[in-house]
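Step one of this worksheet: look at the structure below.
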Amino acid sequence: MDIQEELQASVEYLQARGVGDVDVAIVLGTGLGGLVKEIEAEHEWNYSQIPHIPVATVEFHFGKLIYGVLAGKRVIAWQGRFHYYEGYTMEQVVKPVRISKMLGAKALLISNAAGSLNPNMAKGSLMCLEDHINLFPDSPLRGPNLDALGTRFPDMCQPYSSGLSASLFDVARELDIPLYTGVYAGVPGPQLETRAEYRYLRTIGADAVGMSTVPEVIAAVHMGLPCAAVSVITDECNPENLAPFDLDEVVEVAKAAEPKLTRLFKEWMGRLVA
């Protein structure tokens, strides 16, 4: 079975079990699964129940798919993502995005946890991605093009929808939630960066660094799915004053920032034109 057939089988499984119209797809990252509590869930599945979907192996990623209503919109929320560093292929990493689009999603909203390279962004800050730098050694589009999904050479001059991002900023201002904008560097991981690597990332123009999102956005652009993404800044990557990485602290910072991110996403969702 090729990748196109696998995707179709996953879609048909979900449609046969009650997934109908989808307005927005949501991918929730590290410590940011609380938004699902706001969804009026109609159906839920563990990833292991869905044909051809990998199982999330990171302990703080739940591995659950929720279909329901949020702020009046039909949503499909992926609570936990797949990472390249877990050993998955790029095709597996982006399956949630491709399945969401094939189910009819009209927009994609992504969250992630990231380290700050910008001294103005402290732990707990939110950053809306305006662009990214792809430092992964592989692409989800490598290999024969899936013509049914998109063009061979998708244009990446504006990977993040200016309209969706602008509306996020409008909502943030009204809710008095500080929201930065910046460039996200996507790296393969799972090791953290050295001091020299942090200096390099700063030099090439990155404001934050993380181990996800970029492949998902590439897949979304390929399929013509408008997307917006917000990073929760969970640690500060100052090469001149670098503290050892503390995963427990990262998860705690993400959880502490979760309420304002949930308010932002929920209010934003209510304003989208379905």
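Letters for chains follow the order of the structure tokens (A, B, ...), residue numbers begin at 1 for each chain, and ligand numbers begin at 1 in the order shown.
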
List the spatial neighbours of Tyr160 of chain A as JSON, numbers by chain - criterion: any atom at most 12 Å away, only C-alpha atoms, same-chain residues fewer than 2 positions off excluded.
{"A": [107, 108, 109, 110, 128, 129, 130, 131, 132, 155, 156, 157, 158, 162, 163, 164, 165, 166, 181, 182, 183, 184, 213, 214, 216, 217, 218, 220, 221, 224, 225, 226, 227, 228, 229, 230]}

Take the residues just selected and output them with C-alpha atoms as a JSON list (two decimals), in the first residue's frame.
```json
[["chain", "number", "residue", "atom", "x", "y", "z"],
["A", 107, "ALA", "CA", -7.31, 26.25, 7.93],
["A", 108, "LEU", "CA", -4.57, 24.80, 10.13],
["A", 109, "LEU", "CA", -3.56, 26.09, 13.55],
["A", 110, "ILE", "CA", -0.30, 24.80, 15.03],
["A", 128, "CYS", "CA", 3.41, 34.02, 16.20],
["A", 129, "LEU", "CA", 5.55, 32.57, 13.42],
["A", 130, "GLU", "CA", 6.06, 34.93, 10.51],
["A", 131, "ASP", "CA", 8.57, 32.66, 8.75],
["A", 132, "HIS", "CA", 10.84, 29.70, 9.37],
["A", 155, "ASP", "CA", 6.14, 28.16, -3.46],
["A", 156, "MET", "CA", 7.27, 29.01, 0.09],
["A", 157, "CYS", "CA", 7.46, 32.79, -0.14],
["A", 158, "GLN", "CA", 4.68, 33.07, 2.48],
["A", 162, "SER", "CA", -0.84, 36.74, 6.71],
["A", 163, "GLY", "CA", -4.61, 36.91, 7.12],
["A", 164, "LEU", "CA", -4.78, 34.23, 9.82],
["A", 165, "SER", "CA", -1.78, 35.69, 11.64],
["A", 166, "ALA", "CA", -3.19, 39.23, 11.49],
["A", 181, "THR", "CA", 6.32, 37.77, 15.96],
["A", 182, "GLY", "CA", 9.46, 36.08, 14.73],
["A", 183, "VAL", "CA", 11.31, 33.45, 12.73],
["A", 184, "TYR", "CA", 11.33, 29.83, 13.89],
["A", 213, "THR", "CA", 6.24, 22.47, 12.88],
["A", 214, "VAL", "CA", 8.35, 23.09, 9.76],
["A", 216, "GLU", "CA", 3.87, 20.19, 8.91],
["A", 217, "VAL", "CA", 3.82, 23.66, 7.38],
["A", 218, "ILE", "CA", 5.59, 22.44, 4.24],
["A", 220, "ALA", "CA", 0.16, 22.33, 4.41],
["A", 221, "VAL", "CA", 1.60, 24.70, 1.79],
["A", 224, "GLY", "CA", -2.94, 24.70, -0.28],
["A", 225, "LEU", "CA", -4.02, 24.65, 3.37],
["A", 226, "PRO", "CA", -3.63, 28.12, 5.00],
["A", 227, "CYS", "CA", -1.92, 27.91, 8.36],
["A", 228, "ALA", "CA", -0.87, 29.93, 11.38],
["A", 229, "ALA", "CA", 1.46, 28.84, 14.18],
["A", 230, "VAL", "CA", 2.23, 30.02, 17.70]]
```

Looking only at strand (DSSP E or B) from DSSP on the backbone, list the matching residues of segment 53-196 of chain A as a compact mmCIF listing (two decimals) with N, CA and C atoms, in the first residue's frame.
```
# COMPACT_ATOMS: atom_id res chain seq x y z
N LYS A 64 -3.93 11.50 20.89
CA LYS A 64 -5.39 11.37 20.78
C LYS A 64 -5.92 12.35 19.74
N LEU A 65 -6.91 11.92 18.98
CA LEU A 65 -7.57 12.76 17.99
C LEU A 65 -8.99 13.06 18.47
N ILE A 66 -9.35 14.33 18.45
CA ILE A 66 -10.66 14.77 18.92
C ILE A 66 -11.38 15.49 17.79
N TYR A 67 -12.64 15.12 17.57
CA TYR A 67 -13.48 15.79 16.59
C TYR A 67 -14.68 16.37 17.31
N GLY A 68 -14.96 17.67 17.08
CA GLY A 68 -16.09 18.29 17.75
C GLY A 68 -16.23 19.75 17.37
N VAL A 69 -16.77 20.53 18.30
CA VAL A 69 -17.08 21.93 18.04
C VAL A 69 -16.33 22.81 19.04
N LEU A 70 -15.69 23.85 18.52
CA LEU A 70 -14.99 24.83 19.35
C LEU A 70 -15.38 26.21 18.85
N LYS A 73 -17.15 26.35 15.58
CA LYS A 73 -16.51 25.79 14.38
C LYS A 73 -16.25 24.29 14.56
N ARG A 74 -16.39 23.58 13.47
CA ARG A 74 -16.07 22.16 13.48
C ARG A 74 -14.55 22.00 13.43
N VAL A 75 -14.00 21.31 14.42
CA VAL A 75 -12.54 21.18 14.49
C VAL A 75 -12.13 19.73 14.61
N ILE A 76 -10.94 19.46 14.14
CA ILE A 76 -10.28 18.18 14.37
C ILE A 76 -8.95 18.50 15.02
N ALA A 77 -8.75 18.02 16.23
CA ALA A 77 -7.58 18.39 17.02
C ALA A 77 -6.69 17.18 17.26
N TRP A 78 -5.43 17.33 16.87
CA TRP A 78 -4.42 16.28 17.07
C TRP A 78 -3.67 16.62 18.36
N GLN A 79 -3.98 15.89 19.41
CA GLN A 79 -3.38 16.14 20.73
C GLN A 79 -2.12 15.30 20.86
N ALA A 107 -8.42 25.54 7.30
CA ALA A 107 -7.31 26.25 7.93
C ALA A 107 -6.64 25.32 8.92
N LEU A 108 -5.37 25.60 9.20
CA LEU A 108 -4.57 24.80 10.13
C LEU A 108 -3.97 25.72 11.17
N LEU A 109 -4.13 25.34 12.43
CA LEU A 109 -3.56 26.09 13.55
C LEU A 109 -2.61 25.18 14.30
N ILE A 110 -1.36 25.63 14.44
CA ILE A 110 -0.30 24.80 15.03
C ILE A 110 0.23 25.49 16.29
N SER A 111 0.49 24.71 17.32
CA SER A 111 1.20 25.23 18.49
C SER A 111 2.43 24.37 18.73
N ASN A 112 3.43 24.98 19.34
CA ASN A 112 4.64 24.23 19.69
C ASN A 112 5.32 24.89 20.88
N ALA A 113 6.26 24.18 21.44
CA ALA A 113 7.14 24.75 22.47
C ALA A 113 8.48 25.03 21.79
N ALA A 114 9.08 26.16 22.13
CA ALA A 114 10.33 26.56 21.47
C ALA A 114 11.24 27.27 22.46
N GLY A 115 12.52 27.28 22.11
CA GLY A 115 13.51 28.01 22.89
C GLY A 115 13.74 29.38 22.29
N SER A 116 13.87 30.38 23.14
CA SER A 116 14.05 31.75 22.67
C SER A 116 15.51 32.04 22.34
N LEU A 126 4.59 34.26 24.11
CA LEU A 126 4.00 33.65 22.91
C LEU A 126 4.57 34.34 21.68
N MET A 127 4.90 33.55 20.66
CA MET A 127 5.43 34.09 19.41
C MET A 127 4.65 33.53 18.23
N CYS A 128 4.07 34.41 17.43
CA CYS A 128 3.41 34.02 16.20
C CYS A 128 4.48 33.90 15.10
N LEU A 129 4.51 32.78 14.44
CA LEU A 129 5.55 32.57 13.42
C LEU A 129 5.24 33.38 12.16
N GLU A 130 6.20 34.21 11.76
CA GLU A 130 6.06 34.93 10.51
C GLU A 130 6.82 34.23 9.38
N ASP A 131 7.77 33.38 9.74
CA ASP A 131 8.57 32.66 8.75
C ASP A 131 9.35 31.58 9.49
N HIS A 132 10.01 30.72 8.73
CA HIS A 132 10.84 29.70 9.37
C HIS A 132 12.10 29.45 8.56
N ILE A 133 13.05 28.80 9.23
CA ILE A 133 14.29 28.33 8.60
C ILE A 133 14.31 26.82 8.75
N ASN A 134 14.37 26.11 7.64
CA ASN A 134 14.28 24.66 7.65
C ASN A 134 15.68 24.05 7.73
N TYR A 180 4.40 38.13 20.39
CA TYR A 180 5.54 38.53 19.57
C TYR A 180 5.40 37.95 18.17
N THR A 181 6.21 38.39 17.28
CA THR A 181 6.32 37.77 15.96
C THR A 181 7.78 37.48 15.69
N GLY A 182 8.06 36.41 14.96
CA GLY A 182 9.46 36.08 14.73
C GLY A 182 9.64 34.90 13.82
N VAL A 183 10.90 34.54 13.62
CA VAL A 183 11.31 33.45 12.73
C VAL A 183 11.67 32.23 13.58
N TYR A 184 11.13 31.09 13.19
CA TYR A 184 11.33 29.83 13.89
C TYR A 184 12.32 28.97 13.11
N ALA A 185 13.34 28.48 13.78
CA ALA A 185 14.29 27.55 13.16
C ALA A 185 13.89 26.13 13.55
N GLY A 186 13.64 25.29 12.55
CA GLY A 186 13.29 23.91 12.80
C GLY A 186 14.52 23.02 12.69
```

So how far away is atom CA of Thr262 of chain A from atom CA of Val36 of chain A, in Å?
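Separation between atom CA of Val36 of chain A and atom CA of Thr262 of chain A: 9.1 Å.
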
Fewer than 2 positions away in the same chain doesn't count, so skip those; otherwise give me all residues within 9 Å of Asp21 of chain A, counting only C-alpha atoms, as a CSV table (one decimal) with C-alpha atoms, in the first residue's frame.
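Writing done, so here's selection.csv:
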```csv
chain,number,residue,atom,x,y,z
A,19,VAL,CA,-16.2,12.8,11.0
A,23,ASP,CA,-13.5,24.0,9.5
A,74,ARG,CA,-16.1,22.2,13.5
A,75,VAL,CA,-12.5,21.2,14.5
A,103,LEU,CA,-11.2,15.7,5.5
A,104,GLY,CA,-12.0,19.2,4.3
A,105,ALA,CA,-10.2,21.4,6.8
```

Here is a test: counting only C-alpha atoms, which residue of A:Leu168, A:Met211, A:Ile177, A:Leu117 is nearest to Pro190 of chain A?
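Result for the nearest residue to Pro190 of chain A: A:Met211.
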
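Closest approach to Phe153 of chain A among A:Leu242, A:Leu135, A:Met223, A:Leu28 is made by A:Met223 (distances from only C-alpha atoms).
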
For Ser212 of chain A, which residue out of A:Trp45, A:Glu174, A:Asn238, A:Pro188 is the nearest one, using only C-alpha atoms?
A:Pro188

What parts of segment 10-230 of chain A does DSSP call helix (DSSP H, G or I)? I'd like the answer as a PDB file with C-alpha atoms, in the first residue's frame.
```pdb
ATOM      1  CA  SER A  10      -7.271   6.770   7.378  1.00  0.00           C
ATOM      2  CA  VAL A  11      -9.708   9.334   6.007  1.00  0.00           C
ATOM      3  CA  GLU A  12     -12.346   6.738   5.188  1.00  0.00           C
ATOM      4  CA  TYR A  13     -12.008   5.201   8.666  1.00  0.00           C
ATOM      5  CA  LEU A  14     -12.710   8.558  10.315  1.00  0.00           C
ATOM      6  CA  GLN A  15     -15.526   9.490   7.957  1.00  0.00           C
ATOM      7  CA  ALA A  16     -17.206   6.141   8.553  1.00  0.00           C
ATOM      8  CA  GLY A  33      -3.143  19.871  25.155  1.00  0.00           C
ATOM      9  CA  GLY A  34      -5.510  21.806  27.416  1.00  0.00           C
ATOM     10  CA  LEU A  35      -7.351  23.393  24.517  1.00  0.00           C
ATOM     11  CA  VAL A  36      -9.125  20.091  23.938  1.00  0.00           C
ATOM     12  CA  LYS A  37     -11.041  20.658  27.203  1.00  0.00           C
ATOM     13  CA  GLU A  38     -12.789  23.547  25.450  1.00  0.00           C
ATOM     14  CA  TYR A  47      -3.901   7.222  17.457  1.00  0.00           C
ATOM     15  CA  SER A  48      -3.437   3.465  17.756  1.00  0.00           C
ATOM     16  CA  GLN A  49      -7.062   2.972  16.669  1.00  0.00           C
ATOM     17  CA  TYR A  84      11.452  13.321  13.080  1.00  0.00           C
ATOM     18  CA  TYR A  85      13.732  12.552  16.048  1.00  0.00           C
ATOM     19  CA  GLU A  86      11.433   9.720  17.147  1.00  0.00           C
ATOM     20  CA  MET A  90       8.740  12.720   7.121  1.00  0.00           C
ATOM     21  CA  GLU A  91       5.739  11.124   5.415  1.00  0.00           C
ATOM     22  CA  GLN A  92       4.601   9.841   8.818  1.00  0.00           C
ATOM     23  CA  VAL A  93       5.302  13.151  10.556  1.00  0.00           C
ATOM     24  CA  LYS A  95       0.119  12.523   8.041  1.00  0.00           C
ATOM     25  CA  PRO A  96      -2.126  14.496  10.434  1.00  0.00           C
ATOM     26  CA  VAL A  97      -1.865  17.578   8.222  1.00  0.00           C
ATOM     27  CA  ARG A  98      -2.590  15.675   5.037  1.00  0.00           C
ATOM     28  CA  ILE A  99      -5.489  13.758   6.567  1.00  0.00           C
ATOM     29  CA  SER A 100      -6.970  17.002   7.924  1.00  0.00           C
ATOM     30  CA  LYS A 101      -6.907  18.612   4.507  1.00  0.00           C
ATOM     31  CA  MET A 102      -8.398  15.516   2.875  1.00  0.00           C
ATOM     32  CA  SER A 162      -0.843  36.742   6.710  1.00  0.00           C
ATOM     33  CA  GLY A 163      -4.608  36.912   7.123  1.00  0.00           C
ATOM     34  CA  LEU A 164      -4.775  34.229   9.816  1.00  0.00           C
ATOM     35  CA  SER A 165      -1.777  35.694  11.638  1.00  0.00           C
ATOM     36  CA  ALA A 166      -3.186  39.226  11.495  1.00  0.00           C
ATOM     37  CA  SER A 167      -6.432  38.047  13.065  1.00  0.00           C
ATOM     38  CA  LEU A 168      -4.451  36.343  15.850  1.00  0.00           C
ATOM     39  CA  PHE A 169      -2.771  39.675  16.593  1.00  0.00           C
ATOM     40  CA  ASP A 170      -6.121  41.474  16.594  1.00  0.00           C
ATOM     41  CA  VAL A 171      -7.475  39.022  19.152  1.00  0.00           C
ATOM     42  CA  ALA A 172      -4.290  39.184  21.252  1.00  0.00           C
ATOM     43  CA  ARG A 173      -4.538  42.979  21.474  1.00  0.00           C
ATOM     44  CA  GLU A 174      -8.190  42.833  22.528  1.00  0.00           C
ATOM     45  CA  LEU A 175      -7.457  40.205  25.182  1.00  0.00           C
ATOM     46  CA  ARG A 195      26.514  27.405  22.471  1.00  0.00           C
ATOM     47  CA  ALA A 196      28.094  27.740  19.034  1.00  0.00           C
ATOM     48  CA  GLU A 197      24.933  26.446  17.379  1.00  0.00           C
ATOM     49  CA  TYR A 198      22.780  28.962  19.246  1.00  0.00           C
ATOM     50  CA  ARG A 199      25.106  31.719  18.047  1.00  0.00           C
ATOM     51  CA  TYR A 200      24.797  30.387  14.511  1.00  0.00           C
ATOM     52  CA  LEU A 201      20.996  30.309  14.691  1.00  0.00           C
ATOM     53  CA  ARG A 202      20.957  33.903  15.889  1.00  0.00           C
ATOM     54  CA  THR A 203      23.287  34.913  13.082  1.00  0.00           C
ATOM     55  CA  VAL A 214       8.351  23.093   9.761  1.00  0.00           C
ATOM     56  CA  PRO A 215       7.560  19.734   8.079  1.00  0.00           C
ATOM     57  CA  GLU A 216       3.874  20.192   8.914  1.00  0.00           C
ATOM     58  CA  VAL A 217       3.824  23.660   7.383  1.00  0.00           C
ATOM     59  CA  ILE A 218       5.588  22.444   4.241  1.00  0.00           C
ATOM     60  CA  ALA A 219       2.905  19.755   3.840  1.00  0.00           C
ATOM     61  CA  ALA A 220       0.162  22.331   4.414  1.00  0.00           C
ATOM     62  CA  VAL A 221       1.596  24.697   1.790  1.00  0.00           C
ATOM     63  CA  HIS A 222       1.902  21.797  -0.640  1.00  0.00           C
ATOM     64  CA  MET A 223      -1.815  21.076  -0.230  1.00  0.00           C
TER      65      MET A 223
END
```

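Counting from atom CA of Thr194 of chain A, the distance to atom CA of Asp207 of chain A is 16.1 Å.
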
Of the listed residues A:Gly20, A:Pro54, A:Pro259, A:Gly124, that which approaches Tyr88 of chain A most closely, counting only C-alpha atoms
A:Pro54

Tell me which of A:Glu267, A:Glu193, A:Asp176, A:Glu40 sits closest to Pro244 of chain A, counting only C-alpha atoms.
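Closest candidate: A:Glu193.
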
Residue contacts of segment 250-254 of chain A (7 Å, only C-alpha atoms) excluding same-chain residues fewer than 4 positions away, as a PyMOL selection string:
chain A and resi 30-32+113+124+232+234-235+246+258

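Going from atom CA of Val27 of chain A to atom CA of Ala122 of chain A covers 23.4 Å.
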
Top pick for closest residue to Lys266 of chain A, considering A:Ala208, A:Glu5, A:Pro119, A:Ile39 and counting only C-alpha atoms:
A:Ile39
